[in-house]
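Pasted below: work.pdb, PDB, C-alpha atoms.
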```pdb
ATOM      1  CA  MET L   1     156.955  -2.466 346.506
ATOM      2  CA  ILE L   2     159.105  -1.851 349.578
ATOM      3  CA  GLU L   3     161.836  -0.328 347.427
ATOM      4  CA  VAL L   4     159.357   2.144 345.889
ATOM      5  CA  ALA L   5     158.194   3.180 349.355
ATOM      6  CA  TYR L   6     161.810   3.625 350.450
ATOM      7  CA  VAL L   7     162.532   5.873 347.455
ATOM      8  CA  LYS L   8     159.437   7.996 348.179
ATOM      9  CA  ILE L   9     160.430   8.385 351.831
ATOM     10  CA  ALA L  10     163.985   9.300 350.817
ATOM     11  CA  ASN L  11     162.653  11.932 348.387
ATOM     12  CA  ILE L  12     160.419  13.396 351.086
ATOM     13  CA  MET L  13     163.327  13.498 353.541
ATOM     14  CA  THR L  14     165.587  15.305 351.083
ATOM     15  CA  ASP L  15     162.849  17.857 350.361
ATOM     16  CA  VAL L  16     162.299  18.380 354.107
ATOM     17  CA  LEU L  17     166.035  18.865 354.662
ATOM     18  CA  LEU L  18     166.258  21.317 351.769
ATOM     19  CA  ALA L  19     163.265  23.239 353.085
ATOM     20  CA  ALA L  20     164.819  23.344 356.573
ATOM     21  CA  LEU L  21     168.134  24.594 355.215
ATOM     22  CA  THR L  22     166.442  27.199 353.048
ATOM     23  CA  LEU L  23     163.826  28.440 355.507
ATOM     24  CA  GLY L  24     165.824  27.960 358.724
ATOM     25  CA  PRO L  25     167.777  31.233 358.559
ATOM     26  CA  LEU L  26     164.569  33.108 357.700
ATOM     27  CA  LEU L  27     162.746  31.719 360.726
ATOM     28  CA  VAL L  28     165.688  32.249 363.078
ATOM     29  CA  SER L  29     166.201  35.815 361.828
ATOM     30  CA  LEU L  30     162.547  36.721 362.235
ATOM     31  CA  VAL L  31     162.124  35.088 365.633
ATOM     32  CA  LEU L  32     165.340  36.503 367.105
ATOM     33  CA  LYS L  33     165.079  39.777 365.127
ATOM     34  CA  SER L  34     168.647  39.103 364.019
ATOM     35  CA  ASN L  35     170.482  40.936 361.294
ATOM     36  CA  ALA L  36     170.059  38.666 358.270
ATOM     37  CA  ALA L  37     172.314  40.879 356.163
ATOM     38  CA  LEU L  38     175.236  40.178 358.459
ATOM     39  CA  GLY L  39     174.168  36.520 358.502
ATOM     40  CA  PHE L  40     174.446  36.341 354.713
ATOM     41  CA  LEU L  41     177.898  37.869 354.791
ATOM     42  CA  ALA L  42     178.999  35.570 357.638
ATOM     43  CA  LEU L  43     177.809  32.561 355.650
ATOM     44  CA  SER L  44     179.715  33.872 352.642
ATOM     45  CA  ALA L  45     182.841  34.152 354.796
ATOM     46  CA  GLY L  46     182.297  30.599 356.055
ATOM     47  CA  SER L  47     182.021  29.406 352.476
ATOM     48  CA  VAL L  48     185.330  31.084 351.614
ATOM     49  CA  VAL L  49     186.990  29.431 354.633
ATOM     50  CA  VAL L  50     185.646  26.034 353.541
ATOM     51  CA  THR L  51     186.773  26.549 349.949
ATOM     52  CA  TYR L  52     190.290  27.704 350.712
ATOM     53  CA  GLY L  53     191.060  26.155 354.090
ATOM     54  CA  GLY L  54     188.643  23.294 354.716
ATOM     55  CA  ASN L  55     191.007  20.462 353.809
ATOM     56  CA  ASP L  56     193.923  21.988 355.714
ATOM     57  CA  ILE L  57     191.839  22.615 358.833
ATOM     58  CA  SER L  58     190.440  19.081 358.686
ATOM     59  CA  SER L  59     193.958  17.645 358.367
ATOM     60  CA  LEU L  60     195.109  19.767 361.289
ATOM     61  CA  ILE L  61     192.240  18.509 363.457
ATOM     62  CA  LYS L  62     193.154  14.914 362.628
ATOM     63  CA  GLN L  63     196.877  15.507 363.282
ATOM     64  CA  ILE L  64     196.211  17.114 366.649
ATOM     65  CA  GLY L  65     193.994  14.167 367.530
ATOM     66  CA  LEU L  66     190.824  16.106 368.286
ATOM     67  CA  GLY L  67     188.698  13.399 366.727
ATOM     68  CA  PRO L  68     188.138  11.149 363.756
ATOM     69  CA  TYR L  69     185.920  13.653 361.994
ATOM     70  CA  SER L  70     185.528  13.431 358.250
ATOM     71  CA  THR L  71     186.562  16.345 356.100
ATOM     72  CA  SER L  72     182.950  16.960 355.099
ATOM     73  CA  ALA L  73     181.836  17.129 358.749
ATOM     74  CA  VAL L  74     184.555  19.657 359.573
ATOM     75  CA  GLU L  75     183.669  21.701 356.491
ATOM     76  CA  LEU L  76     179.971  21.719 357.413
ATOM     77  CA  VAL L  77     180.836  23.032 360.866
ATOM     78  CA  LEU L  78     183.128  25.683 359.358
ATOM     79  CA  LEU L  79     180.281  26.725 357.074
ATOM     80  CA  ILE L  80     177.497  26.870 359.654
ATOM     81  CA  ILE L  81     179.252  28.250 362.765
ATOM     82  CA  PRO L  82     179.824  31.811 361.447
ATOM     83  CA  LEU L  83     176.158  32.069 360.444
ATOM     84  CA  ALA L  84     174.846  30.679 363.730
ATOM     85  CA  VAL L  85     177.096  32.853 365.885
ATOM     86  CA  THR L  86     176.253  35.962 363.859
ATOM     87  CA  LEU L  87     172.508  35.398 364.130
ATOM     88  CA  LEU L  88     172.845  34.860 367.879
ATOM     89  CA  LEU L  89     175.082  37.874 368.462
ATOM     90  CA  THR L  90     172.860  40.188 366.420
ATOM     91  CA  ARG L  91     169.577  39.164 368.038
ATOM     92  CA  LYS L  92     167.220  42.060 368.736
ATOM     93  CA  SER L  93     169.223  44.293 366.421
ATOM     94  CA  VAL L  94     166.465  44.818 363.857
ATOM     95  CA  ALA L  95     163.862  46.967 365.518
ATOM     96  CA  LYS L  96     162.295  48.879 362.651
ATOM     97  CA  ARG L  97     159.440  47.101 360.921
ATOM     98  CA  SER L  98     160.251  48.887 357.675
ATOM     99  CA  LYS L  99     163.411  46.794 357.392
ATOM    100  CA  TYR L 100     161.692  43.438 357.951
ATOM    101  CA  TYR L 101     160.979  42.880 354.266
ATOM    102  CA  PHE L 102     164.575  43.510 353.272
ATOM    103  CA  GLN L 103     165.767  41.405 356.193
ATOM    104  CA  ALA L 104     163.405  38.621 355.082
ATOM    105  CA  VAL L 105     164.807  38.712 351.542
ATOM    106  CA  ALA L 106     168.372  38.604 352.890
ATOM    107  CA  ALA L 107     167.448  35.738 355.226
ATOM    108  CA  LEU L 108     165.783  33.752 352.451
ATOM    109  CA  CYS L 109     168.835  34.229 350.246
ATOM    110  CA  THR L 110     170.976  33.149 353.203
ATOM    111  CA  GLY L 111     168.984  29.933 353.415
ATOM    112  CA  GLY L 112     169.328  29.331 349.702
ATOM    113  CA  LEU L 113     173.067  29.934 349.871
ATOM    114  CA  LEU L 114     173.309  27.641 352.903
ATOM    115  CA  ALA L 115     171.675  24.811 350.959
ATOM    116  CA  LEU L 116     173.770  25.495 347.862
ATOM    117  CA  ALA L 117     176.992  25.471 349.878
ATOM    118  CA  ALA L 118     176.164  22.617 352.277
ATOM    119  CA  ILE L 119     174.810  19.942 349.931
ATOM    120  CA  PRO L 120     178.048  19.581 347.910
ATOM    121  CA  LEU L 121     179.895  18.951 351.188
ATOM    122  CA  LEU L 122     177.832  15.822 351.878
ATOM    123  CA  SER L 123     178.815  12.314 350.856
ATOM    124  CA  ASN L 124     178.329  11.191 347.254
ATOM    125  CA  THR L 125     175.402   8.991 348.278
ATOM    126  CA  MET L 126     173.635  11.928 349.923
ATOM    127  CA  GLN L 127     174.367  14.196 346.962
ATOM    128  CA  THR L 128     172.819  11.617 344.634
ATOM    129  CA  SER L 129     169.588  11.625 346.615
ATOM    130  CA  PHE L 130     169.439  15.425 346.405
ATOM    131  CA  SER L 131     170.041  15.421 342.669
ATOM    132  CA  ALA L 132     166.617  13.819 342.160
ATOM    133  CA  SER L 133     164.824  16.524 344.147
ATOM    134  CA  ASP L 134     162.838  19.116 342.211
ATOM    135  CA  ILE L 135     163.588  21.688 344.923
ATOM    136  CA  TRP L 136     167.335  21.124 344.514
ATOM    137  CA  ILE L 137     167.143  21.293 340.720
ATOM    138  CA  ASN L 138     165.212  24.571 340.860
ATOM    139  CA  LEU L 139     167.521  25.988 343.537
ATOM    140  CA  GLN L 140     170.527  25.274 341.330
ATOM    141  CA  LYS L 141     168.815  27.045 338.424
ATOM    142  CA  VAL L 142     168.431  30.252 340.454
ATOM    143  CA  GLN L 143     171.724  30.084 342.336
ATOM    144  CA  ALA L 144     173.160  33.168 340.616
ATOM    145  CA  SER L 145     170.057  35.136 341.584
ATOM    146  CA  VAL L 146     170.213  33.851 345.166
ATOM    147  CA  VAL L 147     173.820  34.979 345.530
ATOM    148  CA  GLY L 148     173.379  38.264 343.671
ATOM    149  CA  VAL L 149     170.162  39.364 345.361
ATOM    150  CA  GLY L 150     171.425  38.223 348.753
ATOM    151  CA  ALA L 151     174.686  40.114 348.399
ATOM    152  CA  LEU L 152     173.050  43.299 347.106
ATOM    153  CA  CYS L 153     170.285  43.248 349.688
ATOM    154  CA  SER L 154     172.790  42.592 352.480
ATOM    155  CA  LEU L 155     175.112  45.352 351.371
ATOM    156  CA  PHE L 156     172.254  47.859 350.989
ATOM    157  CA  LEU L 157     170.958  46.985 354.451
ATOM    158  CA  ILE L 158     174.407  47.543 355.921
ATOM    159  CA  TRP L 159     175.184  50.690 353.936
ATOM    160  CA  PHE L 160     171.824  52.387 354.441
ATOM    161  CA  GLY L 161     170.631  50.598 357.542
ATOM    162  CA  GLY L 162     170.950  53.505 359.861
ATOM    163  CA  LEU L 163     174.457  52.978 361.144
ATOM    164  CA  LYS L 164     174.884  55.219 364.127
ATOM    165  CA  HIS L 165     177.492  57.884 363.662
ATOM    166  CA  SER L 166     179.129  59.265 366.737
ATOM    167  CA  LYS L 167     178.453  62.922 367.359
ATOM    168  CA  HIS L 168     181.224  64.808 369.032
ATOM    169  CA  LYS L 169     180.279  67.698 371.279
ATOM    170  CA  LYS L 170     182.276  70.858 370.923
ATOM    171  CA  HIS L 171     183.593  72.233 374.152
TER     172      HIS L 171
END
```
Representation of the structure as structure tokens:
Amino acid sequence: MIEVAYVKIANIMTDVLLAALTLGPLLVSLVLKSNAALGFLALSAGSVVVTYGGNDISSLIKQIGLGPYSTSAVELVLLIIPLAVTLLLTRKSVAKRSKYYFQAVAALCTGGLLALAAIPLLSNTMQTSFSASDIWINLQKVQASVVGVGALCSLFLIWFGGLKHSKHKKH
């Protein structure tokens, strides 16, 4: 009986964590009026750094003696820091309400990509608990759409987002 209750609590906790990862960037982007398109691209860059340099950076941190951090902890930081810094630095940059819907789509895709990239970096035990979650299973089914829609929406927002062009005065 206690084991069944423990499993139910663990399932609820994994669903809450997945919801926080997925909806977190959306809430932060809307509250801070941050540029979610740049957030998606920053998260993508963080994912590339983790994929191609995560192990080397983790080894370097251990060799320098900066701490006994696990490789997965270092990789999670490398993944999340570019997104967090970008959302903070671009606060109050989305002023037009007409862009909110596109920003919301980009932010939601950012959250989905964050979950898809972060969960595999966790320990095997944690990954096993996520594999039983319906949210995780459904998120994995739509991962191509999350990445594709997020990338397209982000690029369109950047390309057509009203970048200010400098106007030179003729003398």
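Once the PyMOL selection byres ((chain L and resi 146) around 10) is applied to the shown structure, the selection contains Val105, Ala106, Leu108, Cys109, Thr110, Gly111, Gly112, Leu113, Leu116, Leu139, Gln140, Lys141, Val142, Gln143, Ala144, Ser145, Val147, Gly148, Val149, Gly150 and Ala151 of chain L.
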Show which residues sit within 7 Å of stretch 79-88 of chain L, as a list in words. Count only C-alpha atoms, and ignore same-chain residues fewer than 4 positions away.
Ser29, Ser34, Asn35, Leu38, Gly39, Ala42, Leu43, Gly46, Ser47, Val50 and Glu75 of chain L
Could the residues in this selection be written to a file with C-alpha atoms, as a short mmCIF file (atom, residue, chain, number, x, y, z; two decimals), keeping the file's coordinate frame?
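After the write, out-v4.cif holds the following:
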```cif
data_model
loop_
_atom_site.label_atom_id
_atom_site.label_comp_id
_atom_site.auth_asym_id
_atom_site.auth_seq_id
_atom_site.Cartn_x
_atom_site.Cartn_y
_atom_site.Cartn_z
CA SER L 29 166.20 35.82 361.83
CA SER L 34 168.65 39.10 364.02
CA ASN L 35 170.48 40.94 361.29
CA LEU L 38 175.24 40.18 358.46
CA GLY L 39 174.17 36.52 358.50
CA ALA L 42 179.00 35.57 357.64
CA LEU L 43 177.81 32.56 355.65
CA GLY L 46 182.30 30.60 356.06
CA SER L 47 182.02 29.41 352.48
CA VAL L 50 185.65 26.03 353.54
CA GLU L 75 183.67 21.70 356.49
#
```
Atom CA of L:Val48 sits from atom CA of L:Ser93 at a separation of 25.6 Å
Between L:Gly53, L:Gly161, L:Pro120, L:Pro25, which is the closest to L:Phe102 once you count all atoms listed in the file?
L:Gly161
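What the PyMOL selection byres ((chain L and resi 11) around 8) picks from this file is Val7, Lys8, Ile9, Ala10, Ile12, Met13, Thr14, Asp15, Ser129, Phe130, Ala132 and Ser133 of chain L.
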How far is it from atom CA of L:Ala45 to atom CA of L:Thr90, in Å with one decimal?
16.5 Å
With the PyMOL selection byres ((chain L and resi 122) around 12) as the selection, what would be picked from this file? Answer as JSON, numbers by chain, please.
{"L": [70, 71, 72, 73, 74, 75, 76, 77, 115, 116, 117, 118, 119, 120, 121, 123, 124, 125, 126, 127, 128, 129, 130]}
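Across L:Leu78, L:Leu152, L:Lys62, L:Ile57, the tightest approach to L:Leu114 is made by L:Leu78 when counting only C-alpha atoms.
Of note, atom CA of L:Leu26 and atom CA of L:Ala107 are spaced 4.6 Å apart.
If only C-alpha atoms are the atoms counted, then among L:Ile137, L:Ala104, L:Leu157, L:Ala95 the closest residue to L:Gly24 is L:Ala104.
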Size and centre in Å, one decimal, axis-aligned box, all listed stretch 65-69 of chain L atoms plus 8 Å per side, as JSON:
```
{"center_x": 190.0, "center_y": 13.6, "center_z": 365.1, "size_x": 24.1, "size_y": 21.0, "size_z": 22.3}
```
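Here the question is which of L:Leu23, L:Leu17, L:Leu41, L:Ile135 gets nearest to L:Leu155 using all atoms listed in the file, and that residue is L:Leu41.
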Just need stretch 106-125 of chain L in a file, please: N, CA and C atoms, as a PDB file, in the first residue's frame.
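Below you can see decode_24.pdb, which holds the result:
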```
ATOM      1  N   ALA L 106       6.586  30.604 -29.601  1.00  0.00           N
ATOM      2  CA  ALA L 106       8.039  30.386 -29.495  1.00  0.00           C
ATOM      3  C   ALA L 106       8.419  30.001 -28.064  1.00  0.00           C
ATOM      4  N   ALA L 107       7.799  30.645 -27.085  1.00  0.00           N
ATOM      5  CA  ALA L 107       8.104  30.338 -25.684  1.00  0.00           C
ATOM      6  C   ALA L 107       7.634  28.940 -25.294  1.00  0.00           C
ATOM      7  N   LEU L 108       6.485  28.536 -25.777  1.00  0.00           N
ATOM      8  CA  LEU L 108       5.988  27.190 -25.493  1.00  0.00           C
ATOM      9  C   LEU L 108       6.883  26.132 -26.139  1.00  0.00           C
ATOM     10  N   CYS L 109       7.317  26.398 -27.347  1.00  0.00           N
ATOM     11  CA  CYS L 109       8.262  25.480 -28.003  1.00  0.00           C
ATOM     12  C   CYS L 109       9.601  25.470 -27.267  1.00  0.00           C
ATOM     13  N   THR L 110      10.001  26.603 -26.725  1.00  0.00           N
ATOM     14  CA  THR L 110      11.225  26.672 -25.932  1.00  0.00           C
ATOM     15  C   THR L 110      11.103  25.778 -24.707  1.00  0.00           C
ATOM     16  N   GLY L 111       9.960  25.821 -24.055  1.00  0.00           N
ATOM     17  CA  GLY L 111       9.737  24.961 -22.897  1.00  0.00           C
ATOM     18  C   GLY L 111       9.743  23.487 -23.265  1.00  0.00           C
ATOM     19  N   GLY L 112       9.119  23.165 -24.386  1.00  0.00           N
ATOM     20  CA  GLY L 112       9.136  21.775 -24.835  1.00  0.00           C
ATOM     21  C   GLY L 112      10.544  21.305 -25.155  1.00  0.00           C
ATOM     22  N   LEU L 113      11.310  22.158 -25.829  1.00  0.00           N
ATOM     23  CA  LEU L 113      12.691  21.812 -26.151  1.00  0.00           C
ATOM     24  C   LEU L 113      13.535  21.713 -24.885  1.00  0.00           C
ATOM     25  N   LEU L 114      13.272  22.574 -23.913  1.00  0.00           N
ATOM     26  CA  LEU L 114      13.994  22.505 -22.638  1.00  0.00           C
ATOM     27  C   LEU L 114      13.767  21.158 -21.968  1.00  0.00           C
ATOM     28  N   ALA L 115      12.523  20.719 -21.917  1.00  0.00           N
ATOM     29  CA  ALA L 115      12.225  19.410 -21.315  1.00  0.00           C
ATOM     30  C   ALA L 115      12.868  18.285 -22.115  1.00  0.00           C
ATOM     31  N   LEU L 116      12.760  18.357 -23.434  1.00  0.00           N
ATOM     32  CA  LEU L 116      13.321  17.302 -24.283  1.00  0.00           C
ATOM     33  C   LEU L 116      14.843  17.221 -24.173  1.00  0.00           C
ATOM     34  N   ALA L 117      15.485  18.346 -23.954  1.00  0.00           N
ATOM     35  CA  ALA L 117      16.947  18.356 -23.857  1.00  0.00           C
ATOM     36  C   ALA L 117      17.438  18.085 -22.441  1.00  0.00           C
ATOM     37  N   ALA L 118      16.659  18.471 -21.431  1.00  0.00           N
ATOM     38  CA  ALA L 118      17.120  18.350 -20.042  1.00  0.00           C
ATOM     39  C   ALA L 118      16.911  16.952 -19.469  1.00  0.00           C
ATOM     40  N   ILE L 119      15.807  16.318 -19.759  1.00  0.00           N
ATOM     41  CA  ILE L 119      15.494  15.024 -19.155  1.00  0.00           C
ATOM     42  C   ILE L 119      16.555  13.967 -19.479  1.00  0.00           C
ATOM     43  N   PRO L 120      17.040  13.870 -20.714  1.00  0.00           N
ATOM     44  CA  PRO L 120      18.088  12.871 -20.979  1.00  0.00           C
ATOM     45  C   PRO L 120      19.404  13.133 -20.236  1.00  0.00           C
ATOM     46  N   LEU L 121      19.590  14.327 -19.711  1.00  0.00           N
ATOM     47  CA  LEU L 121      20.807  14.636 -18.966  1.00  0.00           C
ATOM     48  C   LEU L 121      20.734  14.183 -17.513  1.00  0.00           C
ATOM     49  N   LEU L 122      19.545  13.785 -17.069  1.00  0.00           N
ATOM     50  CA  LEU L 122      19.369  13.346 -15.682  1.00  0.00           C
ATOM     51  C   LEU L 122      19.890  11.924 -15.505  1.00  0.00           C
ATOM     52  N   SER L 123      19.953  11.497 -14.264  1.00  0.00           N
ATOM     53  CA  SER L 123      20.428  10.143 -13.967  1.00  0.00           C
ATOM     54  C   SER L 123      19.467   9.101 -14.551  1.00  0.00           C
ATOM     55  N   ASN L 124      19.950   7.884 -14.680  1.00  0.00           N
ATOM     56  CA  ASN L 124      19.120   6.802 -15.233  1.00  0.00           C
ATOM     57  C   ASN L 124      17.877   6.558 -14.399  1.00  0.00           C
ATOM     58  N   THR L 125      17.996   6.681 -13.085  1.00  0.00           N
ATOM     59  CA  THR L 125      16.842   6.485 -12.207  1.00  0.00           C
ATOM     60  C   THR L 125      15.775   7.534 -12.484  1.00  0.00           C
TER      61      THR L 125
END
```
